[in-house]
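Peer 1: Got a file for you: protein_11.txt, compact mmCIF, C-alpha atoms.
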# COMPACT_ATOMS: atom_id res chain seq x y z
CA ALA A 928 12.50 13.72 -2.46
CA ALA A 929 16.14 12.91 -1.87
CA PRO A 930 17.56 9.67 -0.42
CA GLY A 931 17.63 9.77 3.37
CA SER A 932 14.42 11.80 3.63
CA ILE A 933 10.93 11.02 4.90
CA VAL A 934 7.84 11.69 2.80
CA ARG A 935 4.19 11.31 3.67
CA PHE A 936 1.38 9.93 1.56
CA SER A 937 -2.33 10.32 2.23
CA ILE A 938 -5.28 8.24 1.10
CA LYS A 939 -8.61 10.04 1.07
CA GLY A 940 -11.93 8.20 1.00
CA LYS A 941 -15.18 9.54 -0.45
CA LEU A 942 -18.47 8.21 0.93
CA GLN A 943 -22.03 9.00 -0.02
CA PRO A 944 -24.22 10.72 2.61
CA ASP A 945 -24.92 8.64 5.75
CA PHE A 946 -22.49 5.89 4.75
CA TYR A 947 -19.48 5.00 6.85
CA THR A 948 -16.61 2.52 7.07
CA TYR A 949 -14.29 1.31 9.83
CA PRO A 950 -10.91 2.58 11.07
CA ILE A 951 -7.50 0.92 10.80
CA THR A 952 -5.87 2.19 13.98
CA LYS A 953 -8.56 2.56 16.66
CA ILE A 954 -11.62 0.67 17.90
CA ALA A 955 -14.10 0.94 20.74
CA PRO A 956 -14.04 -1.65 23.56
CA GLY A 957 -15.44 -4.92 22.23
CA GLN A 958 -15.47 -3.71 18.63
CA ILE A 959 -14.28 -6.31 16.12
CA ASN A 960 -14.93 -4.39 12.90
CA VAL A 961 -11.64 -2.93 11.68
CA THR A 962 -10.11 -2.27 8.27
CA GLU A 963 -6.74 -3.82 7.46
CA ILE A 964 -3.89 -2.32 5.44
CA ALA A 965 -0.88 -4.05 3.87
CA TYR A 966 1.97 -3.01 1.59
CA GLU A 967 4.18 -4.26 -1.19
CA THR A 968 7.28 -2.14 -0.67
CA PRO A 969 10.00 -1.80 -3.33
CA SER A 970 13.66 -1.94 -2.37
CA GLY A 971 14.82 1.46 -1.13
CA LEU A 972 11.63 2.40 0.72
CA LYS A 973 10.56 1.70 4.29
CA VAL A 974 7.01 2.32 5.50
CA LEU A 975 7.04 3.94 8.95
CA TRP A 976 4.44 3.39 11.64
CA SER A 977 2.02 4.46 12.68
CA ILE A 978 -0.89 5.69 10.53
CA GLU A 979 -2.55 9.04 11.14
CA GLU A 980 -6.29 8.60 10.75
CA LYS A 981 -8.76 11.48 10.41
CA GLY A 982 -12.54 11.37 10.17
CA LEU A 983 -13.16 9.16 13.22
CA LYS A 984 -16.44 9.41 15.06
CA PHE A 985 -18.10 7.44 17.85
CA ASP A 986 -21.61 6.15 17.34
CA LYS A 987 -23.66 3.26 18.69
CA ASP A 988 -25.70 0.60 16.99
CA PHE A 989 -29.37 -0.18 17.63
CA LYS A 990 -28.34 -2.45 20.50
CA GLY A 991 -26.65 0.48 22.24
CA LYS A 992 -23.10 -0.77 21.68
CA PRO A 993 -20.58 2.04 20.99
CA TYR A 994 -18.22 1.71 18.04
CA LEU A 995 -15.83 3.87 16.04
CA LYS A 996 -16.47 4.63 12.40
CA LEU A 997 -14.99 6.70 9.59
CA LEU A 998 -17.08 9.33 7.86
CA ASP A 999 -17.01 10.89 4.38
CA GLY A 1000 -13.70 12.60 3.65
CA PHE A 1001 -11.70 10.36 5.99
CA THR A 1002 -7.94 10.20 5.45
CA TRP A 1003 -5.18 7.72 6.16
CA SER A 1004 -1.70 9.27 6.21
CA GLN A 1005 1.61 7.49 6.64
CA ASP A 1006 5.31 8.29 6.36
CA VAL A 1007 7.81 6.53 4.13
CA TYR A 1008 11.57 6.58 4.64
CA ILE A 1009 13.73 6.70 1.52
CA GLU A 1010 16.86 4.70 2.29
CA PRO A 1011 20.11 6.66 1.86
CA THR A 1012 21.40 4.23 -0.79
CA THR A 1013 18.26 4.48 -2.95
CA LYS A 1014 19.00 5.40 -6.56
CA SER A 1015 17.15 8.21 -8.31
CA GLY A 1016 14.00 7.38 -10.23
CA GLU A 1017 10.34 6.63 -9.62
CA LEU A 1018 9.40 3.98 -7.08
CA THR A 1019 5.91 2.57 -6.60
CA LEU A 1020 4.57 1.53 -3.22
CA LYS A 1021 1.49 -0.70 -3.46
CA VAL A 1022 -1.13 -0.29 -0.71
CA PHE A 1023 -3.72 -3.01 -0.17
CA ILE A 1024 -6.94 -2.26 1.73
CA LYS A 1025 -8.39 -5.43 3.24
CA ASP A 1026 -11.52 -6.43 5.16
CA LEU A 1027 -13.23 -3.26 3.94
CA GLN A 1028 -16.87 -2.75 4.88
CA VAL A 1029 -19.11 0.12 3.82
CA CYS A 1030 -22.24 0.48 5.89
CA LYS A 1031 -25.60 2.15 6.18
CA THR A 1032 -28.38 -0.45 6.33
CA PRO A 1033 -27.12 -3.08 5.78
CA CYS A 1034 -23.32 -3.32 5.47
CA VAL A 1035 -21.60 -4.60 2.33
CA GLY A 1036 -18.45 -6.61 2.83
CA PRO A 1037 -16.07 -7.34 4.37
CA ASP A 1038 -13.94 -7.77 1.28
CA ASP A 1039 -10.65 -6.52 -0.11
CA TYR A 1040 -10.49 -3.40 -2.23
CA PRO A 1041 -10.16 -4.91 -5.72
CA GLU A 1042 -6.94 -3.17 -6.78
CA PRO A 1043 -3.85 -1.92 -4.93
CA ILE A 1044 -3.53 1.82 -4.47
CA LEU A 1045 -0.32 2.95 -6.16
CA ILE A 1046 1.83 5.50 -4.33
CA LYS A 1047 4.47 6.84 -6.73
CA ILE A 1048 7.52 8.42 -5.10
CA ASN A 1049 10.02 10.32 -7.22
CA VAL A 1050 13.52 9.92 -5.79
CA LYS A 1051 15.87 12.71 -6.78
CA GLU A 1052 19.64 12.74 -6.91
CA GLY A 1053 21.56 14.03 -3.92
CA SER A 1054 20.99 13.52 -0.22
CA ALA A 1055 18.59 14.98 2.31
CA ALA A 1056 19.44 16.83 5.48
CA ALA A 1057 20.25 14.65 8.48
CA LEU A 1058 17.26 13.17 10.29
CA THR A 1059 16.34 14.50 13.69
CA ALA A 1060 16.92 12.25 16.70
CA GLU A 1061 13.19 11.52 16.85
CA GLN A 1062 13.08 10.58 13.17
CA GLU A 1063 16.10 8.30 13.55
CA LYS A 1064 14.35 6.58 16.43
CA ARG A 1065 11.26 6.00 14.28
CA VAL A 1066 13.32 4.48 11.49
CA LYS A 1067 15.18 2.11 13.83
CA ASN A 1068 12.26 1.18 16.08
CA ASN A 1069 9.58 0.59 13.51
CA ASP A 1070 7.34 -2.06 15.01
CA ARG A 1071 3.75 -2.00 13.87
CA PRO A 1072 1.56 -0.88 16.80
CA LYS A 1073 -1.47 -2.80 17.95
CA VAL A 1074 -4.92 -1.43 17.26
CA GLU A 1075 -5.72 1.07 20.02
CA VAL A 1076 -8.84 0.57 22.12
CA VAL A 1077 -10.43 3.96 22.79
CA GLN A 1078 -13.05 4.57 25.45
CA PRO A 1079 -16.26 6.17 24.12
CA PRO A 1080 -17.64 9.39 25.63
CA ALA A 1081 -19.92 8.96 28.63
CA ASN A 1082 -23.05 9.95 26.71
CA LEU A 1083 -22.64 6.94 24.42
CA VAL A 1084 -22.34 4.35 27.17
CA GLY A 1085 -25.53 2.41 27.89
CA GLY A 1086 -28.98 2.56 26.38
CA PRO A 1087 -30.13 1.86 22.84
CA LYS A 1088 -29.31 4.13 19.95
CA GLY A 1089 -31.42 7.26 20.10
CA ALA A 1090 -31.97 7.18 23.87
CA ASP A 1091 -29.15 9.59 24.69
CA ASN A 1092 -26.70 9.34 21.88
CA GLY A 1093 -25.31 12.88 21.88
CA ALA A 1094 -22.99 13.04 18.90
CA ALA A 1095 -24.37 9.86 17.34
CA GLU A 1096 -25.96 9.94 13.92
CA LYS A 1097 -29.73 10.42 13.76
CA ASN A 1098 -30.38 7.88 11.00
CA GLU A 1099 -31.07 4.29 12.05
CA MET A 1100 -28.29 1.83 11.19
CA GLY A 1101 -28.47 -1.93 11.24
CA ASP A 1102 -26.24 -4.13 13.33
CA THR A 1103 -22.81 -4.51 11.75
CA PRO A 1104 -21.59 -7.99 10.79
CA PRO A 1105 -18.48 -9.36 12.51
CA ARG A 1106 -15.20 -9.62 10.65
CA GLY A 1107 -15.13 -12.72 8.54
CA SER A 1108 -18.87 -12.63 7.87
CA ASN A 1109 -20.21 -11.38 4.58
CA SER A 1110 -23.50 -9.55 4.18
CA GLY A 1111 -22.77 -8.87 0.51
CA GLN A 1112 -21.49 -11.06 -2.29
CA ARG A 1113 -17.91 -11.78 -3.29
CA SER A 1114 -18.75 -11.88 -6.97
CA SER A 1115 -17.51 -9.81 -9.88
CA GLY A 1116 -19.58 -7.68 -12.20
CA ALA A 1117 -21.96 -4.80 -11.70
CA GLY A 1118 -24.32 -6.85 -9.57
CA GLY A 1119 -21.68 -8.10 -7.14
CA LEU A 1120 -20.26 -6.61 -3.98
CA TRP A 1121 -18.02 -4.03 -5.62
CA GLY A 1122 -20.66 -3.06 -8.14
CA LEU A 1123 -22.88 -2.26 -5.15
CA LEU A 1124 -20.10 -0.32 -3.44
CA ILE A 1125 -19.37 1.70 -6.54
CA SER A 1126 -22.96 2.62 -7.25
CA ALA A 1127 -24.44 2.82 -3.77
CA ALA A 1128 -21.69 3.47 -1.27
CA VAL A 1129 -18.39 4.99 -2.18
CA GLY A 1130 -18.17 5.64 -5.87
CA ASP A 1131 -15.04 3.57 -6.47
CA PRO A 1132 -14.56 4.29 -3.34
CA ASP A 1133 -13.00 7.47 -4.80
CA ILE A 1134 -9.72 6.89 -2.97
CA SER A 1135 -7.11 9.40 -4.04
CA THR A 1136 -3.52 9.80 -2.97
CA CYS A 1137 -1.17 12.71 -2.51
CA ILE A 1138 2.48 12.86 -1.50
CA GLY A 1139 4.34 15.62 0.32
CA PRO A 1140 7.42 16.16 2.44
CA VAL A 1141 7.28 15.75 6.21
For this file, produce the structure as structure tokens.

Peer 2:
Amino acid sequence: AAPGSIVRFSIKGKLQPDFYTYPITKIAPGQINVTEIAYETPSGLKVLWSIEEKGLKFDKDFKGKPYLKLLDGFTWSQDVYIEPTTKSGELTLKVFIKDLQVCKTPCVGPDDYPEPILIKINVKEGSAAALTAEQEKRVKNNDRPKVEVVQPPANLVGGPKGADNGAAEKNEMGDTPPRGSNSGQRSSGAGGLWGLLISAAVGDPDISTCIGPV
């Protein structure tokens, strides 16, 4: 991509059947479980908000409390602006996934994904076409939005899980721990938290990235 252009990267998560994790951008009323994302951005790149998140689904726990979760195949997509003065060459954006939980019964985490996800952007010589007015506005007004509180559908409000849960999952799931608690272990090695995630939950969590023009 040329300097002055906007590119998009996507992170795709792979979960084993019946496992789920938590969104970055949206939560249900009263929900405190949310995944965090942070960046180490090289000079010449600017991460643009907000994140497009796919794979969201409402469910409710055994107490009947609705929450939002992410299912297998979820994606996080975000745009990156290449500054007009950026020189040609490969730049690496580091993405850090924090407070990650992977749940069935029980949850493991929260903990940080052990390594940054590397987004490599190849900057070519030349310059891109002028940005649209909307794109220019995004670049200039780039405040990170607050997590959005989304109202659950009516059939998920009230009653314990299984009473009238409509689109909710049929398998029983335990109560999810609040952020800052830890139902797993923060230890290294195959028997620790990430060993459990790799073998039982997400397979590394098989997060892959792809880059394409906007």

Peer 1: Could you produce a table of the residues of stretch 1027-1088 of chain A lying within 10 Å of stretch 928-944 of chain A, with the nearest pair of atoms per residue and their separation in Å rounded to one decimal, using only C-alpha atoms, ordered by chain and increasing residue number, as JSON lines?

Peer 2:
{"residue": "A:Val1029", "atom": "CA", "partner": "A:Leu942", "partner_atom": "CA", "distance": 8.6}
{"residue": "A:Cys1030", "atom": "CA", "partner": "A:Leu942", "partner_atom": "CA", "distance": 9.9}
{"residue": "A:Lys1031", "atom": "CA", "partner": "A:Pro944", "partner_atom": "CA", "distance": 9.4}
{"residue": "A:Ile1044", "atom": "CA", "partner": "A:Ile938", "partner_atom": "CA", "distance": 8.7}
{"residue": "A:Ile1046", "atom": "CA", "partner": "A:Phe936", "partner_atom": "CA", "distance": 7.4}
{"residue": "A:Lys1047", "atom": "CA", "partner": "A:Phe936", "partner_atom": "CA", "distance": 9.4}
{"residue": "A:Ile1048", "atom": "CA", "partner": "A:Ala928", "partner_atom": "CA", "distance": 7.7}
{"residue": "A:Asn1049", "atom": "CA", "partner": "A:Ala928", "partner_atom": "CA", "distance": 6.4}
{"residue": "A:Val1050", "atom": "CA", "partner": "A:Ala928", "partner_atom": "CA", "distance": 5.2}
{"residue": "A:Lys1051", "atom": "CA", "partner": "A:Ala929", "partner_atom": "CA", "distance": 4.9}
{"residue": "A:Glu1052", "atom": "CA", "partner": "A:Ala929", "partner_atom": "CA", "distance": 6.1}
{"residue": "A:Gly1053", "atom": "CA", "partner": "A:Ala929", "partner_atom": "CA", "distance": 5.9}
{"residue": "A:Ser1054", "atom": "CA", "partner": "A:Ala929", "partner_atom": "CA", "distance": 5.2}
{"residue": "A:Ala1055", "atom": "CA", "partner": "A:Ala929", "partner_atom": "CA", "distance": 5.3}
{"residue": "A:Ala1056", "atom": "CA", "partner": "A:Ser932", "partner_atom": "CA", "distance": 7.3}
{"residue": "A:Ala1057", "atom": "CA", "partner": "A:Gly931", "partner_atom": "CA", "distance": 7.5}
{"residue": "A:Leu1058", "atom": "CA", "partner": "A:Ser932", "partner_atom": "CA", "distance": 7.4}
{"residue": "A:Gln1062", "atom": "CA", "partner": "A:Ile933", "partner_atom": "CA", "distance": 8.6}
{"residue": "A:Val1066", "atom": "CA", "partner": "A:Ile933", "partner_atom": "CA", "distance": 9.6}

Peer 1: With a distance cut-off of 12 Å and all atoms listed in the file, select the neighbouring residues of A:Val1077, excluding the residue or stretch itself and same-chain residues fewer than 5 positions from it, and output the selection as a list in words.

Peer 2: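 Counting all atoms listed in the file, the residues come to Pro950, Thr952, Lys953, Ile954, Ala955, Pro956, Gly957, Gln958, Leu983, Lys984, Phe985, Pro993, Tyr994 and Leu995 of chain A.
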
Peer 1: Tell me, in Å to one decimal, how far atom CA of A:Thr948 is from atom CA of A:Val961.

Peer 2: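 About the pair atom CA of A:Thr948 and atom CA of A:Val961: they are 8.7 Å apart.
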
Peer 1: Using only C-alpha atoms, which residue out of A:Leu1045, A:Ala965, A:Ile951, A:Val1022 lies closest to A:Thr1002?

Peer 2: A:Ile951

Peer 1: Interatomic distance between atom CA of A:Leu1020 and atom CA of A:Ser1004?

Peer 2: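 For atom CA of A:Leu1020 relative to atom CA of A:Ser1004, the distance reads 13.7 Å.
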
Peer 1: Could you work out how far atom CA of A:Asp986 lies from atom CA of A:Pro1079, giving the answer in Å with one decimal?

Peer 2: 8.6 Å

Peer 1: Taking into account only C-alpha atoms, which residue in the set A:Val1084, A:Pro1037, A:Phe946, A:Lys1021 is nearest to A:Lys992?

Peer 2: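 Of A:Val1084, A:Pro1037, A:Phe946, A:Lys1021, the one nearest A:Lys992, counting only C-alpha atoms, is A:Val1084.
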
Peer 1: Which is closest to A:Asp1070 among A:Asp1006, A:Ser977, A:Asp945, A:Gly1016, if we use all atoms listed in the file?

Peer 2: A:Ser977

Peer 1: Please provide as JSON, numbers by chain all residues within 8 Å of A:Leu975, with the sequence filter that same-chain residues fewer than 3 positions apart are discarded (counting only C-alpha atoms).

Peer 2: {"A": [1005, 1006, 1007, 1008, 1065, 1066, 1069]}

Peer 1: Closest to A:Tyr1040 among A:Ile964, A:Asn1082, A:Ile959, A:Lys1073, using all atoms listed in the file?

Peer 2: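 Residue with the minimum atom-to-atom distance to A:Tyr1040: A:Ile964.
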
Peer 1: Determine the nearest neighbour of A:Lys1014 from the options A:Leu972, A:Glu1063, A:Val1074, A:Glu967, counting only C-alpha atoms.

Peer 2: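 Closest candidate: A:Leu972.
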